[in-house]
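Q: input.cif is the file, holding mmCIF, N, CA and C atoms:
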```
data_data
loop_
_atom_site.group_PDB
_atom_site.id
_atom_site.type_symbol
_atom_site.label_atom_id
_atom_site.label_comp_id
_atom_site.auth_asym_id
_atom_site.auth_seq_id
_atom_site.Cartn_x
_atom_site.Cartn_y
_atom_site.Cartn_z
ATOM 1 N N MET A 1402 76.294 62.547 68.181
ATOM 2 C CA MET A 1402 76.444 63.935 68.579
ATOM 3 C C MET A 1402 77.816 64.107 69.221
ATOM 4 N N SER A 1403 78.669 64.918 68.610
ATOM 5 C CA SER A 1403 80.001 65.141 69.162
ATOM 6 C C SER A 1403 80.006 66.415 69.993
ATOM 7 N N GLU A 1404 80.461 66.281 71.213
ATOM 8 C CA GLU A 1404 80.528 67.414 72.120
ATOM 9 C C GLU A 1404 81.978 67.675 72.499
ATOM 10 N N GLN A 1405 82.315 68.943 72.620
ATOM 11 C CA GLN A 1405 83.613 69.346 73.120
ATOM 12 C C GLN A 1405 83.392 70.139 74.392
ATOM 13 N N PHE A 1406 84.463 70.395 75.116
ATOM 14 C CA PHE A 1406 84.309 71.160 76.341
ATOM 15 C C PHE A 1406 85.405 72.203 76.461
ATOM 16 N N GLU A 1407 85.128 73.214 77.257
ATOM 17 C CA GLU A 1407 86.095 74.236 77.643
ATOM 18 C C GLU A 1407 86.014 74.366 79.153
ATOM 19 N N ILE A 1408 87.137 74.662 79.779
ATOM 20 C CA ILE A 1408 87.152 74.900 81.217
ATOM 21 C C ILE A 1408 86.714 76.343 81.436
ATOM 22 N N ARG A 1409 85.500 76.524 81.965
ATOM 23 C CA ARG A 1409 84.923 77.851 82.159
ATOM 24 C C ARG A 1409 84.447 78.004 83.591
ATOM 25 N N PHE A 1410 84.285 79.255 84.037
ATOM 26 C CA PHE A 1410 83.794 79.541 85.377
ATOM 27 C C PHE A 1410 82.278 79.461 85.379
ATOM 28 N N CYS A 1411 81.726 78.704 86.323
ATOM 29 C CA CYS A 1411 80.277 78.588 86.470
ATOM 30 C C CYS A 1411 79.854 79.446 87.656
ATOM 31 N N GLU A 1412 78.901 80.362 87.445
ATOM 32 C CA GLU A 1412 78.462 81.268 88.507
ATOM 33 C C GLU A 1412 77.625 80.552 89.556
ATOM 34 N N ARG A 1413 76.985 79.463 89.196
ATOM 35 C CA ARG A 1413 76.177 78.716 90.172
ATOM 36 C C ARG A 1413 77.069 77.851 91.062
ATOM 37 N N CYS A 1414 78.043 77.151 90.465
ATOM 38 C CA CYS A 1414 78.951 76.290 91.230
ATOM 39 C C CYS A 1414 80.056 77.092 91.924
ATOM 40 N N MET A 1415 80.366 78.273 91.406
ATOM 41 C CA MET A 1415 81.445 79.124 91.888
ATOM 42 C C MET A 1415 82.814 78.437 91.746
ATOM 43 N N THR A 1416 82.972 77.614 90.713
ATOM 44 C CA THR A 1416 84.240 76.943 90.433
ATOM 45 C C THR A 1416 84.464 76.918 88.929
ATOM 46 N N ARG A 1417 85.683 76.568 88.553
ATOM 47 C CA ARG A 1417 85.990 76.356 87.142
ATOM 48 C C ARG A 1417 85.737 74.886 86.837
ATOM 49 N N THR A 1418 84.784 74.620 85.958
ATOM 50 C CA THR A 1418 84.403 73.252 85.631
ATOM 51 C C THR A 1418 84.397 73.075 84.117
ATOM 52 N N LYS A 1419 84.246 71.827 83.685
ATOM 53 C CA LYS A 1419 84.096 71.548 82.257
ATOM 54 C C LYS A 1419 82.715 72.016 81.828
ATOM 55 N N ASN A 1420 82.672 72.784 80.744
ATOM 56 C CA ASN A 1420 81.410 73.209 80.164
ATOM 57 C C ASN A 1420 81.353 72.651 78.750
ATOM 58 N N PHE A 1421 80.392 71.794 78.497
ATOM 59 C CA PHE A 1421 80.260 71.128 77.208
ATOM 60 C C PHE A 1421 79.406 71.955 76.260
ATOM 61 N N PHE A 1422 79.743 71.925 74.969
ATOM 62 C CA PHE A 1422 78.923 72.557 73.944
ATOM 63 C C PHE A 1422 78.880 71.665 72.724
ATOM 64 N N ASN A 1423 77.810 71.791 71.960
ATOM 65 C CA ASN A 1423 77.585 70.956 70.786
ATOM 66 C C ASN A 1423 78.328 71.553 69.600
ATOM 67 N N VAL A 1424 79.147 70.751 68.939
ATOM 68 C CA VAL A 1424 79.988 71.238 67.847
ATOM 69 C C VAL A 1424 79.179 71.499 66.584
ATOM 70 N N GLU A 1425 78.132 70.713 66.319
ATOM 71 C CA GLU A 1425 77.379 70.858 65.070
ATOM 72 C C GLU A 1425 76.646 72.193 64.972
ATOM 73 N N ASN A 1426 76.271 72.785 66.115
ATOM 74 C CA ASN A 1426 75.497 74.022 66.085
ATOM 75 C C ASN A 1426 76.360 75.271 65.927
ATOM 76 N N VAL A 1427 77.681 75.143 65.983
ATOM 77 C CA VAL A 1427 78.570 76.296 65.913
ATOM 78 C C VAL A 1427 78.964 76.518 64.456
ATOM 79 N N ARG A 1428 78.540 77.626 63.880
ATOM 80 C CA ARG A 1428 78.899 77.951 62.496
ATOM 81 C C ARG A 1428 80.150 78.813 62.445
ATOM 82 N N ASN A 1429 80.256 79.763 63.359
ATOM 83 C CA ASN A 1429 81.372 80.697 63.385
ATOM 84 C C ASN A 1429 82.260 80.347 64.580
ATOM 85 N N PRO A 1430 83.567 80.132 64.374
ATOM 86 C CA PRO A 1430 84.425 79.767 65.496
ATOM 87 C C PRO A 1430 84.534 80.852 66.553
ATOM 88 N N ARG A 1431 84.193 82.090 66.242
ATOM 89 C CA ARG A 1431 84.212 83.155 67.239
ATOM 90 C C ARG A 1431 82.799 83.571 67.636
ATOM 91 N N GLY A 1432 81.848 82.706 67.382
ATOM 92 C CA GLY A 1432 80.461 83.008 67.683
ATOM 93 C C GLY A 1432 80.052 82.566 69.072
ATOM 94 N N TYR A 1433 78.761 82.445 69.265
ATOM 95 C CA TYR A 1433 78.205 82.031 70.547
ATOM 96 C C TYR A 1433 77.812 80.558 70.494
ATOM 97 N N ALA A 1434 77.762 79.943 71.674
ATOM 98 C CA ALA A 1434 77.312 78.556 71.780
ATOM 99 C C ALA A 1434 76.632 78.374 73.133
ATOM 100 N N ASN A 1435 75.778 77.366 73.226
ATOM 101 C CA ASN A 1435 75.149 77.024 74.500
ATOM 102 C C ASN A 1435 76.074 76.085 75.254
ATOM 103 N N PHE A 1436 76.492 76.487 76.444
ATOM 104 C CA PHE A 1436 77.385 75.707 77.279
ATOM 105 C C PHE A 1436 76.586 75.078 78.413
ATOM 106 N N ARG A 1437 76.893 73.813 78.722
ATOM 107 C CA ARG A 1437 76.246 73.098 79.819
ATOM 108 C C ARG A 1437 77.311 72.698 80.826
ATOM 109 N N CYS A 1438 77.142 73.126 82.088
ATOM 110 C CA CYS A 1438 78.085 72.828 83.160
ATOM 111 C C CYS A 1438 78.020 71.341 83.503
ATOM 112 N N GLU A 1439 79.187 70.716 83.658
ATOM 113 C CA GLU A 1439 79.236 69.290 83.980
ATOM 114 C C GLU A 1439 78.770 69.029 85.409
ATOM 115 N N LYS A 1440 79.030 69.953 86.328
ATOM 116 C CA LYS A 1440 78.740 69.720 87.746
ATOM 117 C C LYS A 1440 77.272 69.957 88.089
ATOM 118 N N CYS A 1441 76.722 71.123 87.706
ATOM 119 C CA CYS A 1441 75.349 71.449 88.115
ATOM 120 C C CYS A 1441 74.334 71.345 86.977
ATOM 121 N N GLY A 1442 74.789 71.314 85.721
ATOM 122 C CA GLY A 1442 73.876 71.169 84.598
ATOM 123 C C GLY A 1442 73.298 72.471 84.076
ATOM 124 N N ARG A 1443 73.781 73.614 84.548
ATOM 125 C CA ARG A 1443 73.268 74.912 84.090
ATOM 126 C C ARG A 1443 73.648 75.139 82.638
ATOM 127 N N VAL A 1444 72.701 75.639 81.852
ATOM 128 C CA VAL A 1444 72.937 75.921 80.434
ATOM 129 C C VAL A 1444 72.967 77.432 80.248
ATOM 130 N N ARG A 1445 74.057 77.921 79.661
ATOM 131 C CA ARG A 1445 74.210 79.357 79.399
ATOM 132 C C ARG A 1445 74.724 79.574 77.996
ATOM 133 N N ARG A 1446 74.383 80.708 77.424
ATOM 134 C CA ARG A 1446 74.860 81.092 76.094
ATOM 135 C C ARG A 1446 76.052 82.017 76.286
ATOM 136 N N MET A 1447 77.248 81.570 75.847
ATOM 137 C CA MET A 1447 78.479 82.334 76.016
ATOM 138 C C MET A 1447 79.274 82.314 74.723
ATOM 139 N N ARG A 1448 80.200 83.249 74.623
ATOM 140 C CA ARG A 1448 81.111 83.270 73.483
ATOM 141 C C ARG A 1448 82.134 82.176 73.623
ATOM 142 N N LEU A 1449 82.599 81.658 72.500
ATOM 143 C CA LEU A 1449 83.669 80.668 72.515
ATOM 144 C C LEU A 1449 84.986 81.361 72.847
ATOM 145 N N LEU A 1450 85.911 80.627 73.470
ATOM 146 C CA LEU A 1450 87.227 81.171 73.755
ATOM 147 C C LEU A 1450 88.009 81.300 72.440
ATOM 148 N N ARG A 1451 88.886 82.286 72.392
ATOM 149 C CA ARG A 1451 89.690 82.471 71.170
ATOM 150 C C ARG A 1451 90.674 81.321 71.022
ATOM 151 N N PRO A 1452 90.869 80.808 69.810
ATOM 152 C CA PRO A 1452 91.728 79.631 69.618
ATOM 153 C C PRO A 1452 93.212 79.917 69.733
ATOM 154 N N SER A 1453 93.632 81.175 69.674
ATOM 155 C CA SER A 1453 95.065 81.479 69.729
ATOM 156 C C SER A 1453 95.282 82.788 70.498
ATOM 157 N N ALA A 1454 96.526 83.065 70.800
ATOM 158 C CA ALA A 1454 96.863 84.259 71.565
ATOM 159 C C ALA A 1454 96.749 85.509 70.712
ATOM 160 N N GLU A 1455 96.520 86.628 71.363
ATOM 161 C CA GLU A 1455 96.417 87.920 70.662
ATOM 162 C C GLU A 1455 97.734 88.297 69.996
ATOM 163 N N SER A 1456 98.864 87.868 70.573
ATOM 164 C CA SER A 1456 100.163 88.278 70.039
ATOM 165 C C SER A 1456 100.461 87.657 68.685
ATOM 166 N N SER A 1457 99.728 86.609 68.296
ATOM 167 C CA SER A 1457 99.996 85.955 67.012
ATOM 168 C C SER A 1457 99.317 86.644 65.839
ATOM 169 N N TYR A 1458 98.495 87.680 66.091
ATOM 170 C CA TYR A 1458 97.818 88.369 65.002
ATOM 171 C C TYR A 1458 98.674 89.455 64.408
#
```
What's the structure tokens form of this structure?

A:
Amino acid sequence: MSEQFEIRFCERCMTRTKNFFNVENVRNPRGYANFRCEKCGRVRRMRLLRPSAESSY
């Protein structure tokens, strides 16, 4: 199982922490994924961050 992470804000920890998500379950790169906080273990469904800046479109 390959997992990647994004640095996201966790509302329970009140800090920016690594949030891991499972790569195999993501079909659309701009879709939703289940994120798990590294510090407290909270699982939330959030949108993925955009891979590039808005100015490049």

Q: Identify all residues satisfying the PyMOL selection byres ((chain A and resi 1436) around 5) in the given file; provide them as a PDB file with N, CA and C atoms, keeping the file's coordinate frame.

A:
```pdb
ATOM      1  N   PHE A1421      80.392  71.794  78.497  1.00  0.00           N
ATOM      2  CA  PHE A1421      80.260  71.128  77.208  1.00  0.00           C
ATOM      3  C   PHE A1421      79.406  71.955  76.260  1.00  0.00           C
ATOM      4  N   PHE A1422      79.743  71.925  74.969  1.00  0.00           N
ATOM      5  CA  PHE A1422      78.923  72.557  73.944  1.00  0.00           C
ATOM      6  C   PHE A1422      78.880  71.665  72.724  1.00  0.00           C
ATOM      7  N   ALA A1434      77.762  79.943  71.674  1.00  0.00           N
ATOM      8  CA  ALA A1434      77.312  78.556  71.780  1.00  0.00           C
ATOM      9  C   ALA A1434      76.632  78.374  73.133  1.00  0.00           C
ATOM     10  N   ASN A1435      75.778  77.366  73.226  1.00  0.00           N
ATOM     11  CA  ASN A1435      75.149  77.024  74.500  1.00  0.00           C
ATOM     12  C   ASN A1435      76.074  76.085  75.254  1.00  0.00           C
ATOM     13  N   ARG A1437      76.893  73.813  78.722  1.00  0.00           N
ATOM     14  CA  ARG A1437      76.246  73.098  79.819  1.00  0.00           C
ATOM     15  C   ARG A1437      77.311  72.698  80.826  1.00  0.00           C
ATOM     16  N   CYS A1438      77.142  73.126  82.088  1.00  0.00           N
ATOM     17  CA  CYS A1438      78.085  72.828  83.160  1.00  0.00           C
ATOM     18  C   CYS A1438      78.020  71.341  83.503  1.00  0.00           C
ATOM     19  N   VAL A1444      72.701  75.639  81.852  1.00  0.00           N
ATOM     20  CA  VAL A1444      72.937  75.921  80.434  1.00  0.00           C
ATOM     21  C   VAL A1444      72.967  77.432  80.248  1.00  0.00           C
ATOM     22  N   ARG A1445      74.057  77.921  79.661  1.00  0.00           N
ATOM     23  CA  ARG A1445      74.210  79.357  79.399  1.00  0.00           C
ATOM     24  C   ARG A1445      74.724  79.574  77.996  1.00  0.00           C
ATOM     25  N   ARG A1446      74.383  80.708  77.424  1.00  0.00           N
ATOM     26  CA  ARG A1446      74.860  81.092  76.094  1.00  0.00           C
ATOM     27  C   ARG A1446      76.052  82.017  76.286  1.00  0.00           C
TER      28      ARG A1446
END
```

Q: Expressed in Å to a single decimal, how great is the separation between atom N of Arg1443 of chain A and atom CA of Phe1406 of chain A?

A: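 We find that atom N of Arg1443 of chain A and atom CA of Phe1406 of chain A lie 13.6 Å from each other.
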
Q: So how far away is atom CA of Glu1404 of chain A from atom N of Asn1420 of chain A, in Å?

A: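 Between these atoms lies a distance of 10.4 Å.
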
Q: Could you list, as a PDB file with N, CA and C atoms, keeping the file's coordinate frame, every residue matched by the PyMOL selection byres ((chain A and resi 1408) around 6) in this structure?

A:
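selection-v4.pdb was written with the following content:
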```
ATOM      1  N   PHE A1406      84.463  70.395  75.116  1.00  0.00           N
ATOM      2  CA  PHE A1406      84.309  71.160  76.341  1.00  0.00           C
ATOM      3  C   PHE A1406      85.405  72.203  76.461  1.00  0.00           C
ATOM      4  N   GLU A1407      85.128  73.214  77.257  1.00  0.00           N
ATOM      5  CA  GLU A1407      86.095  74.236  77.643  1.00  0.00           C
ATOM      6  C   GLU A1407      86.014  74.366  79.153  1.00  0.00           C
ATOM      7  N   ARG A1409      85.500  76.524  81.965  1.00  0.00           N
ATOM      8  CA  ARG A1409      84.923  77.851  82.159  1.00  0.00           C
ATOM      9  C   ARG A1409      84.447  78.004  83.591  1.00  0.00           C
ATOM     10  N   PHE A1410      84.285  79.255  84.037  1.00  0.00           N
ATOM     11  CA  PHE A1410      83.794  79.541  85.377  1.00  0.00           C
ATOM     12  C   PHE A1410      82.278  79.461  85.379  1.00  0.00           C
ATOM     13  N   ARG A1417      85.683  76.568  88.553  1.00  0.00           N
ATOM     14  CA  ARG A1417      85.990  76.356  87.142  1.00  0.00           C
ATOM     15  C   ARG A1417      85.737  74.886  86.837  1.00  0.00           C
ATOM     16  N   THR A1418      84.784  74.620  85.958  1.00  0.00           N
ATOM     17  CA  THR A1418      84.403  73.252  85.631  1.00  0.00           C
ATOM     18  C   THR A1418      84.397  73.075  84.117  1.00  0.00           C
ATOM     19  N   LYS A1419      84.246  71.827  83.685  1.00  0.00           N
ATOM     20  CA  LYS A1419      84.096  71.548  82.257  1.00  0.00           C
ATOM     21  C   LYS A1419      82.715  72.016  81.828  1.00  0.00           C
ATOM     22  N   ASN A1420      82.672  72.784  80.744  1.00  0.00           N
ATOM     23  CA  ASN A1420      81.410  73.209  80.164  1.00  0.00           C
ATOM     24  C   ASN A1420      81.353  72.651  78.750  1.00  0.00           C
TER      25      ASN A1420
END
```

Q: How far is it from atom CA of Lys1440 of chain A to atom CA of Glu1412 of chain A, in Å with one decimal?

A: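 A separation of 11.6 Å between them.
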